[in-house]
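> Take this structure first; my questions come after.
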Amino acid sequence: QQQVKQSPQSLIVQKGGISIINCAYENTAFDYFPWYQQFPGKGPALLIAIRPDVSEKKEGRFTISFNKSAKQFSLHIMDSQPGDSATYFCAARDPMKTSYDKVIFGPGTSLSVIP
Amino acid sequence: EAGVAQSPRYKIIEKRQSVAFWCNPISGHATLYWYQQILGQGPKLLIQFQNNGVVDDSQLPKDRFSAERLKGVDSTLKIQPAKLEDSAVYLCASSLLVASYEQYFGPGTRLTVT
């Protein structure tokens with residue numbers, strides 16, 4: 001119930017193409033779903049986040065699509081650029097009723113955008 | 001604003017030795033987290049502080065790991081004795097609110113145990 005599953009493990013996309021990363025969860029109590037971007041040698045950085053009562057959120061070239069009934073959400077990167085090459089983590093916040101909330105990270109997707 | 005600072009950036013030790021990592025969070029951030037990131041995996045929470053108190057250490061291997069947050073600001077994470085499976089990147093993060101999904105991460109310390 002605590003897991004966040006993520007696929008694919010790695011992804012290669014041509015410049016200008018659309019990158020799509022998918023995540024799934026089981027715990028319906030999760031209340032926020034952030035995406036983090038991590039470049040080599042750096043810590044993860046928050047990219048975009050969505051609440052489960054919203055079906056889509058767009059920020060620039062990055063869009064989260066959320067399917068509450070299927071317990072799935074995805075990140076779409078439009079017009080992918082070589083500078084987008086990084087590892088992407090989906091995550092979920094668990095509002096623990098008996099202790100402090102915690103954020104659970106997926107295993108990550110390594111994205112390479114080739115010219 | 002200055003980001004989360006961590007040191008050292010890299011550390012190589014032999015098994016059974018001890019090691020300590022330091023973290024300075026963003027000024028004003030009350031919540032501080034230590035994560036372990038094994039190669040190819042997502043960050044795994046080890047311990048979470050609210051000011052200088054521990055609010056979650058359920059995943060911290062307490063027989064060998066310890067952490068403290070001095071005066072609610074800087075924090076240190078110690079491993080004693082280290083095992084081969086402790087080889088990982090240790091990330092420190094901070095947030096303004098408790099257990100916020102909006103966390104700010106430092107660059108991490110890459111630990112190699114030989």
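Identifiers in the structure tokens: chain A, B, ... in order shown; residue index from 1 per chain; ligand index from 1 in order shown.
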Hey, what's within 12 Å of Ser55 of chain A if we count only C-alpha atoms and toss same-chain stuff fewer than 2 positions away? As a PyMOL selection string, please?

chain A and resi 33+49-53+57-58+63-74

> What lies within 12 Å of Leu45 of chain B using only C-alpha atoms, ignoring chain neighbours under 3 positions off, as a PyMOL selection string?

(chain A and resi 101-105) or (chain B and resi 32-38+42+48-49+55-61+90-93+99)

> Could you write those residues out with C-alpha atoms, as a PDB file, in the first residue's frame?


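Output contents, as saved in again_18.pdb:
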```
ATOM      1  CA  ASP A 101       2.771  12.820   6.709  1.00  0.00           C
ATOM      2  CA  LYS A 102       5.469  11.350   4.504  1.00  0.00           C
ATOM      3  CA  VAL A 103       6.398  11.541   0.831  1.00  0.00           C
ATOM      4  CA  ILE A 104       7.020   8.247  -0.960  1.00  0.00           C
ATOM      5  CA  PHE A 105       9.105   8.242  -4.129  1.00  0.00           C
TER       6      PHE A 105
ATOM      7  CA  LEU B  32      14.602  18.603   7.730  1.00  0.00           C
ATOM      8  CA  TYR B  33      14.822  15.184   6.101  1.00  0.00           C
ATOM      9  CA  TRP B  34      17.588  12.670   5.484  1.00  0.00           C
ATOM     10  CA  TYR B  35      17.099  10.287   2.566  1.00  0.00           C
ATOM     11  CA  GLN B  36      19.132   7.342   1.330  1.00  0.00           C
ATOM     12  CA  GLN B  37      19.261   6.938  -2.458  1.00  0.00           C
ATOM     13  CA  ILE B  38      20.710   3.669  -3.663  1.00  0.00           C
ATOM     14  CA  GLY B  42      14.187   6.602  -5.558  1.00  0.00           C
ATOM     15  CA  GLN B  48      12.490  13.556   9.562  1.00  0.00           C
ATOM     16  CA  PHE B  49      12.975  16.402  12.043  1.00  0.00           C
ATOM     17  CA  VAL B  55       8.972  13.111  14.066  1.00  0.00           C
ATOM     18  CA  ASP B  56       9.704   9.994  11.992  1.00  0.00           C
ATOM     19  CA  ASP B  57      12.671   7.635  12.228  1.00  0.00           C
ATOM     20  CA  SER B  58      10.821   4.424  11.463  1.00  0.00           C
ATOM     21  CA  GLN B  59      13.141   3.534   8.555  1.00  0.00           C
ATOM     22  CA  LEU B  60      16.410   4.454  10.257  1.00  0.00           C
ATOM     23  CA  PRO B  61      18.592   1.400  11.088  1.00  0.00           C
ATOM     24  CA  TYR B  90      22.694  10.494   1.260  1.00  0.00           C
ATOM     25  CA  LEU B  91      20.394  13.396   0.513  1.00  0.00           C
ATOM     26  CA  CYS B  92      19.350  16.114   2.908  1.00  0.00           C
ATOM     27  CA  ALA B  93      16.182  18.087   2.200  1.00  0.00           C
ATOM     28  CA  ALA B  99       6.050  16.666   5.584  1.00  0.00           C
TER      29      ALA B  99
END
```

> Taking only C-alpha atoms into account, produce a table as JSON lines in which each residue of chain A with an atom at most 7 Å from an atom of chain B appears once, together with its shortest atom pair and the distance in Å to one decimal, ordered by chain and rising number.


```
{"residue": "A:Pro34", "atom": "CA", "partner": "B:Tyr101", "partner_atom": "CA", "distance": 6.6}
{"residue": "A:Gly41", "atom": "CA", "partner": "B:Pro107", "partner_atom": "CA", "distance": 6.5}
{"residue": "A:Lys42", "atom": "CA", "partner": "B:Pro107", "partner_atom": "CA", "distance": 4.5}
{"residue": "A:Gly43", "atom": "CA", "partner": "B:Pro107", "partner_atom": "CA", "distance": 4.5}
{"residue": "A:Pro44", "atom": "CA", "partner": "B:Phe105", "partner_atom": "CA", "distance": 6.0}
{"residue": "A:Ala45", "atom": "CA", "partner": "B:Tyr104", "partner_atom": "CA", "distance": 6.5}
{"residue": "A:Leu46", "atom": "CA", "partner": "B:Glu102", "partner_atom": "CA", "distance": 6.5}
{"residue": "A:Phe89", "atom": "CA", "partner": "B:Gly42", "partner_atom": "CA", "distance": 6.9}
{"residue": "A:Arg93", "atom": "CA", "partner": "B:Tyr101", "partner_atom": "CA", "distance": 6.2}
{"residue": "A:Tyr100", "atom": "CA", "partner": "B:Val55", "partner_atom": "CA", "distance": 6.6}
{"residue": "A:Asp101", "atom": "CA", "partner": "B:Ala99", "partner_atom": "CA", "distance": 5.2}
{"residue": "A:Lys102", "atom": "CA", "partner": "B:Ala99", "partner_atom": "CA", "distance": 5.5}
{"residue": "A:Val103", "atom": "CA", "partner": "B:Tyr101", "partner_atom": "CA", "distance": 6.2}
{"residue": "A:Phe105", "atom": "CA", "partner": "B:Gly42", "partner_atom": "CA", "distance": 5.5}
{"residue": "A:Gly106", "atom": "CA", "partner": "B:Gly42", "partner_atom": "CA", "distance": 5.6}
{"residue": "A:Pro107", "atom": "CA", "partner": "B:Gly42", "partner_atom": "CA", "distance": 4.4}
{"residue": "A:Gly108", "atom": "CA", "partner": "B:Gly42", "partner_atom": "CA", "distance": 5.8}
```

> Quick one: distance from atom CA of Arg61 of chain A to atom CA of Gln3 of chain A in Å, one decimal?

27.5 Å

> Have a look at A:Ser19, A:Ser80, A:Asn27, A:Thr87 and name the one nearest to Ser110 of chain A; count only C-alpha atoms.

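The closest residue to Ser110 of chain A is A:Thr87.
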
> As a list in words, please: the residues near segment 4-11 of chain A (cut-off 6 Å, only C-alpha atoms, same-chain neighbours under 4 positions excluded).

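Counting only C-alpha atoms, the residues come to Asn22, Cys23, Ala24, Tyr25, Gly106, Thr109, Ser110 and Leu111 of chain A.
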
> Out of segment 10-75 of chain A, which residues get strand (DSSP E or B) from DSSP, as a PDB file with N, CA, C and O atoms, in the first residue's frame?


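Done, and the output landed in result-v7.pdb:
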```pdb
ATOM      1  N   SER A  10      13.787   3.325 -18.148  1.00  0.00           N
ATOM      2  CA  SER A  10      14.565   4.255 -18.946  1.00  0.00           C
ATOM      3  C   SER A  10      13.831   4.551 -20.245  1.00  0.00           C
ATOM      4  O   SER A  10      13.007   3.740 -20.706  1.00  0.00           O
ATOM      5  N   LEU A  11      14.123   5.708 -20.812  1.00  0.00           N
ATOM      6  CA  LEU A  11      13.380   6.193 -21.968  1.00  0.00           C
ATOM      7  C   LEU A  11      14.315   7.023 -22.843  1.00  0.00           C
ATOM      8  O   LEU A  11      15.045   7.882 -22.337  1.00  0.00           O
ATOM      9  N   ILE A  12      14.292   6.730 -24.139  1.00  0.00           N
ATOM     10  CA  ILE A  12      15.066   7.522 -25.089  1.00  0.00           C
ATOM     11  C   ILE A  12      14.090   8.153 -26.067  1.00  0.00           C
ATOM     12  O   ILE A  12      13.272   7.457 -26.676  1.00  0.00           O
ATOM     13  N   VAL A  13      14.173   9.476 -26.196  1.00  0.00           N
ATOM     14  CA  VAL A  13      13.240  10.227 -27.042  1.00  0.00           C
ATOM     15  C   VAL A  13      14.049  11.152 -27.948  1.00  0.00           C
ATOM     16  O   VAL A  13      15.082  11.698 -27.526  1.00  0.00           O
ATOM     17  N   GLN A  14      13.584  11.309 -29.158  1.00  0.00           N
ATOM     18  CA  GLN A  14      14.238  12.252 -30.078  1.00  0.00           C
ATOM     19  C   GLN A  14      13.844  13.670 -29.700  1.00  0.00           C
ATOM     20  O   GLN A  14      12.722  13.942 -29.225  1.00  0.00           O
ATOM     21  N   SER A  19       7.811  12.919 -24.346  1.00  0.00           N
ATOM     22  CA  SER A  19       8.248  11.925 -23.357  1.00  0.00           C
ATOM     23  C   SER A  19       7.073  11.651 -22.425  1.00  0.00           C
ATOM     24  O   SER A  19       6.430  12.586 -21.940  1.00  0.00           O
ATOM     25  N   ILE A  20       6.809  10.365 -22.184  1.00  0.00           N
ATOM     26  CA  ILE A  20       5.691   9.992 -21.317  1.00  0.00           C
ATOM     27  C   ILE A  20       6.179   9.013 -20.262  1.00  0.00           C
ATOM     28  O   ILE A  20       6.769   7.981 -20.591  1.00  0.00           O
ATOM     29  N   ILE A  21       5.947   9.366 -18.995  1.00  0.00           N
ATOM     30  CA  ILE A  21       6.330   8.516 -17.865  1.00  0.00           C
ATOM     31  C   ILE A  21       5.069   8.220 -17.060  1.00  0.00           C
ATOM     32  O   ILE A  21       4.293   9.134 -16.776  1.00  0.00           O
ATOM     33  N   ASN A  22       4.889   6.965 -16.723  1.00  0.00           N
ATOM     34  CA  ASN A  22       3.665   6.541 -16.061  1.00  0.00           C
ATOM     35  C   ASN A  22       3.907   6.070 -14.630  1.00  0.00           C
ATOM     36  O   ASN A  22       4.933   5.451 -14.350  1.00  0.00           O
ATOM     37  N   CYS A  23       2.960   6.373 -13.762  1.00  0.00           N
ATOM     38  CA  CYS A  23       3.040   5.929 -12.370  1.00  0.00           C
ATOM     39  C   CYS A  23       1.696   5.383 -11.907  1.00  0.00           C
ATOM     40  O   CYS A  23       0.652   5.767 -12.441  1.00  0.00           O
ATOM     41  N   ALA A  24       1.754   4.496 -10.919  1.00  0.00           N
ATOM     42  CA  ALA A  24       0.533   3.905 -10.366  1.00  0.00           C
ATOM     43  C   ALA A  24       0.690   3.761  -8.863  1.00  0.00           C
ATOM     44  O   ALA A  24       1.803   3.646  -8.348  1.00  0.00           O
ATOM     45  N   TYR A  25      -0.444   3.785  -8.183  1.00  0.00           N
ATOM     46  CA  TYR A  25      -0.420   3.667  -6.729  1.00  0.00           C
ATOM     47  C   TYR A  25      -1.624   2.866  -6.277  1.00  0.00           C
ATOM     48  O   TYR A  25      -2.567   2.631  -7.039  1.00  0.00           O
ATOM     49  N   TYR A  32      -1.356  14.220  -2.428  1.00  0.00           N
ATOM     50  CA  TYR A  32      -0.640  15.057  -3.388  1.00  0.00           C
ATOM     51  C   TYR A  32       0.304  14.165  -4.168  1.00  0.00           C
ATOM     52  O   TYR A  32       0.872  13.213  -3.619  1.00  0.00           O
ATOM     53  N   PHE A  33       0.483  14.496  -5.454  1.00  0.00           N
ATOM     54  CA  PHE A  33       1.328  13.689  -6.319  1.00  0.00           C
ATOM     55  C   PHE A  33       2.327  14.613  -7.025  1.00  0.00           C
ATOM     56  O   PHE A  33       2.041  15.199  -8.068  1.00  0.00           O
ATOM     57  N   PRO A  34       3.518  14.757  -6.441  1.00  0.00           N
ATOM     58  CA  PRO A  34       4.533  15.608  -7.071  1.00  0.00           C
ATOM     59  C   PRO A  34       5.436  14.816  -8.010  1.00  0.00           C
ATOM     60  O   PRO A  34       5.563  13.596  -7.907  1.00  0.00           O
ATOM     61  N   TRP A  35       6.054  15.526  -8.917  1.00  0.00           N
ATOM     62  CA  TRP A  35       7.105  14.976  -9.781  1.00  0.00           C
ATOM     63  C   TRP A  35       8.393  15.744  -9.500  1.00  0.00           C
ATOM     64  O   TRP A  35       8.387  16.964  -9.420  1.00  0.00           O
ATOM     65  N   TYR A  36       9.480  14.982  -9.371  1.00  0.00           N
ATOM     66  CA  TYR A  36      10.786  15.572  -9.143  1.00  0.00           C
ATOM     67  C   TYR A  36      11.707  15.235 -10.316  1.00  0.00           C
ATOM     68  O   TYR A  36      11.621  14.162 -10.911  1.00  0.00           O
ATOM     69  N   GLN A  37      12.611  16.178 -10.608  1.00  0.00           N
ATOM     70  CA  GLN A  37      13.595  16.023 -11.689  1.00  0.00           C
ATOM     71  C   GLN A  37      14.984  16.037 -11.051  1.00  0.00           C
ATOM     72  O   GLN A  37      15.278  16.902 -10.214  1.00  0.00           O
ATOM     73  N   GLN A  38      15.817  15.079 -11.428  1.00  0.00           N
ATOM     74  CA  GLN A  38      17.160  15.011 -10.843  1.00  0.00           C
ATOM     75  C   GLN A  38      18.210  14.907 -11.941  1.00  0.00           C
ATOM     76  O   GLN A  38      18.206  13.948 -12.718  1.00  0.00           O
ATOM     77  N   ALA A  45      14.702  18.006  -7.675  1.00  0.00           N
ATOM     78  CA  ALA A  45      14.053  19.312  -7.585  1.00  0.00           C
ATOM     79  C   ALA A  45      12.594  19.157  -7.999  1.00  0.00           C
ATOM     80  O   ALA A  45      12.298  18.476  -8.996  1.00  0.00           O
ATOM     81  N   LEU A  46      11.701  19.776  -7.247  1.00  0.00           N
ATOM     82  CA  LEU A  46      10.274  19.697  -7.554  1.00  0.00           C
ATOM     83  C   LEU A  46      10.001  20.320  -8.913  1.00  0.00           C
ATOM     84  O   LEU A  46      10.403  21.451  -9.196  1.00  0.00           O
ATOM     85  N   LEU A  47       9.267  19.564  -9.736  1.00  0.00           N
ATOM     86  CA  LEU A  47       8.958  20.018 -11.098  1.00  0.00           C
ATOM     87  C   LEU A  47       7.517  20.525 -11.170  1.00  0.00           C
ATOM     88  O   LEU A  47       7.233  21.630 -11.618  1.00  0.00           O
ATOM     89  N   ILE A  48       6.595  19.708 -10.711  1.00  0.00           N
ATOM     90  CA  ILE A  48       5.168  19.997 -10.824  1.00  0.00           C
ATOM     91  C   ILE A  48       4.435  19.034  -9.891  1.00  0.00           C
ATOM     92  O   ILE A  48       4.938  17.945  -9.604  1.00  0.00           O
ATOM     93  N   ALA A  49       3.266  19.448  -9.388  1.00  0.00           N
ATOM     94  CA  ALA A  49       2.503  18.576  -8.488  1.00  0.00           C
ATOM     95  C   ALA A  49       1.019  18.717  -8.777  1.00  0.00           C
ATOM     96  O   ALA A  49       0.577  19.758  -9.289  1.00  0.00           O
ATOM     97  N   ILE A  50       0.254  17.678  -8.416  1.00  0.00           N
ATOM     98  CA  ILE A  50      -1.183  17.687  -8.691  1.00  0.00           C
ATOM     99  C   ILE A  50      -1.929  17.078  -7.518  1.00  0.00           C
ATOM    100  O   ILE A  50      -1.395  16.213  -6.809  1.00  0.00           O
ATOM    101  N   GLU A  56      -5.898  17.225 -14.783  1.00  0.00           N
ATOM    102  CA  GLU A  56      -4.728  17.610 -15.574  1.00  0.00           C
ATOM    103  C   GLU A  56      -4.157  18.923 -15.059  1.00  0.00           C
ATOM    104  O   GLU A  56      -4.899  19.822 -14.656  1.00  0.00           O
ATOM    105  N   LYS A  57      -2.826  19.021 -15.085  1.00  0.00           N
ATOM    106  CA  LYS A  57      -2.165  20.270 -14.715  1.00  0.00           C
ATOM    107  C   LYS A  57      -1.001  20.485 -15.666  1.00  0.00           C
ATOM    108  O   LYS A  57      -0.209  19.562 -15.899  1.00  0.00           O
ATOM    109  N   LYS A  58      -0.918  21.696 -16.196  1.00  0.00           N
ATOM    110  CA  LYS A  58       0.110  21.988 -17.184  1.00  0.00           C
ATOM    111  C   LYS A  58       0.969  23.149 -16.714  1.00  0.00           C
ATOM    112  O   LYS A  58       0.454  24.158 -16.236  1.00  0.00           O
ATOM    113  N   GLU A  59       2.286  22.998 -16.845  1.00  0.00           N
ATOM    114  CA  GLU A  59       3.221  24.088 -16.574  1.00  0.00           C
ATOM    115  C   GLU A  59       4.273  24.082 -17.674  1.00  0.00           C
ATOM    116  O   GLU A  59       5.158  23.228 -17.698  1.00  0.00           O
ATOM    117  N   PHE A  62       5.496  20.842 -19.491  1.00  0.00           N
ATOM    118  CA  PHE A  62       5.253  19.694 -18.606  1.00  0.00           C
ATOM    119  C   PHE A  62       3.779  19.618 -18.229  1.00  0.00           C
ATOM    120  O   PHE A  62       3.194  20.609 -17.799  1.00  0.00           O
ATOM    121  N   THR A  63       3.185  18.434 -18.397  1.00  0.00           N
ATOM    122  CA  THR A  63       1.781  18.218 -18.074  1.00  0.00           C
ATOM    123  C   THR A  63       1.642  16.948 -17.254  1.00  0.00           C
ATOM    124  O   THR A  63       2.227  15.922 -17.606  1.00  0.00           O
ATOM    125  N   ILE A  64       0.875  17.028 -16.157  1.00  0.00           N
ATOM    126  CA  ILE A  64       0.507  15.821 -15.401  1.00  0.00           C
ATOM    127  C   ILE A  64      -0.933  15.490 -15.772  1.00  0.00           C
ATOM    128  O   ILE A  64      -1.815  16.357 -15.711  1.00  0.00           O
ATOM    129  N   SER A  65      -1.153  14.230 -16.116  1.00  0.00           N
ATOM    130  CA  SER A  65      -2.502  13.722 -16.306  1.00  0.00           C
ATOM    131  C   SER A  65      -2.805  12.766 -15.162  1.00  0.00           C
ATOM    132  O   SER A  65      -1.961  11.934 -14.814  1.00  0.00           O
ATOM    133  N   PHE A  66      -3.999  12.889 -14.588  1.00  0.00           N
ATOM    134  CA  PHE A  66      -4.336  12.093 -13.396  1.00  0.00           C
ATOM    135  C   PHE A  66      -5.642  11.344 -13.618  1.00  0.00           C
ATOM    136  O   PHE A  66      -6.656  11.945 -13.996  1.00  0.00           O
ATOM    137  N   ASN A  67      -5.619  10.036 -13.398  1.00  0.00           N
ATOM    138  CA  ASN A  67      -6.804   9.193 -13.521  1.00  0.00           C
ATOM    139  C   ASN A  67      -7.087   8.578 -12.155  1.00  0.00           C
ATOM    140  O   ASN A  67      -6.493   7.561 -11.793  1.00  0.00           O
ATOM    141  N   GLN A  72      -3.814   6.001 -11.436  1.00  0.00           N
ATOM    142  CA  GLN A  72      -2.637   6.177 -12.273  1.00  0.00           C
ATOM    143  C   GLN A  72      -2.445   7.652 -12.597  1.00  0.00           C
ATOM    144  O   GLN A  72      -3.421   8.414 -12.661  1.00  0.00           O
ATOM    145  N   PHE A  73      -1.200   8.040 -12.796  1.00  0.00           N
ATOM    146  CA  PHE A  73      -0.920   9.394 -13.242  1.00  0.00           C
ATOM    147  C   PHE A  73       0.345   9.368 -14.103  1.00  0.00           C
ATOM    148  O   PHE A  73       1.148   8.424 -14.012  1.00  0.00           O
ATOM    149  N   SER A  74       0.460  10.374 -14.936  1.00  0.00           N
ATOM    150  CA  SER A  74       1.579  10.368 -15.872  1.00  0.00           C
ATOM    151  C   SER A  74       2.113  11.774 -16.090  1.00  0.00           C
ATOM    152  O   SER A  74       1.400  12.756 -15.906  1.00  0.00           O
ATOM    153  N   LEU A  75       3.361  11.822 -16.486  1.00  0.00           N
ATOM    154  CA  LEU A  75       4.033  13.071 -16.832  1.00  0.00           C
ATOM    155  C   LEU A  75       4.289  13.063 -18.328  1.00  0.00           C
ATOM    156  O   LEU A  75       4.846  12.095 -18.858  1.00  0.00           O
TER     157      LEU A  75
END
```
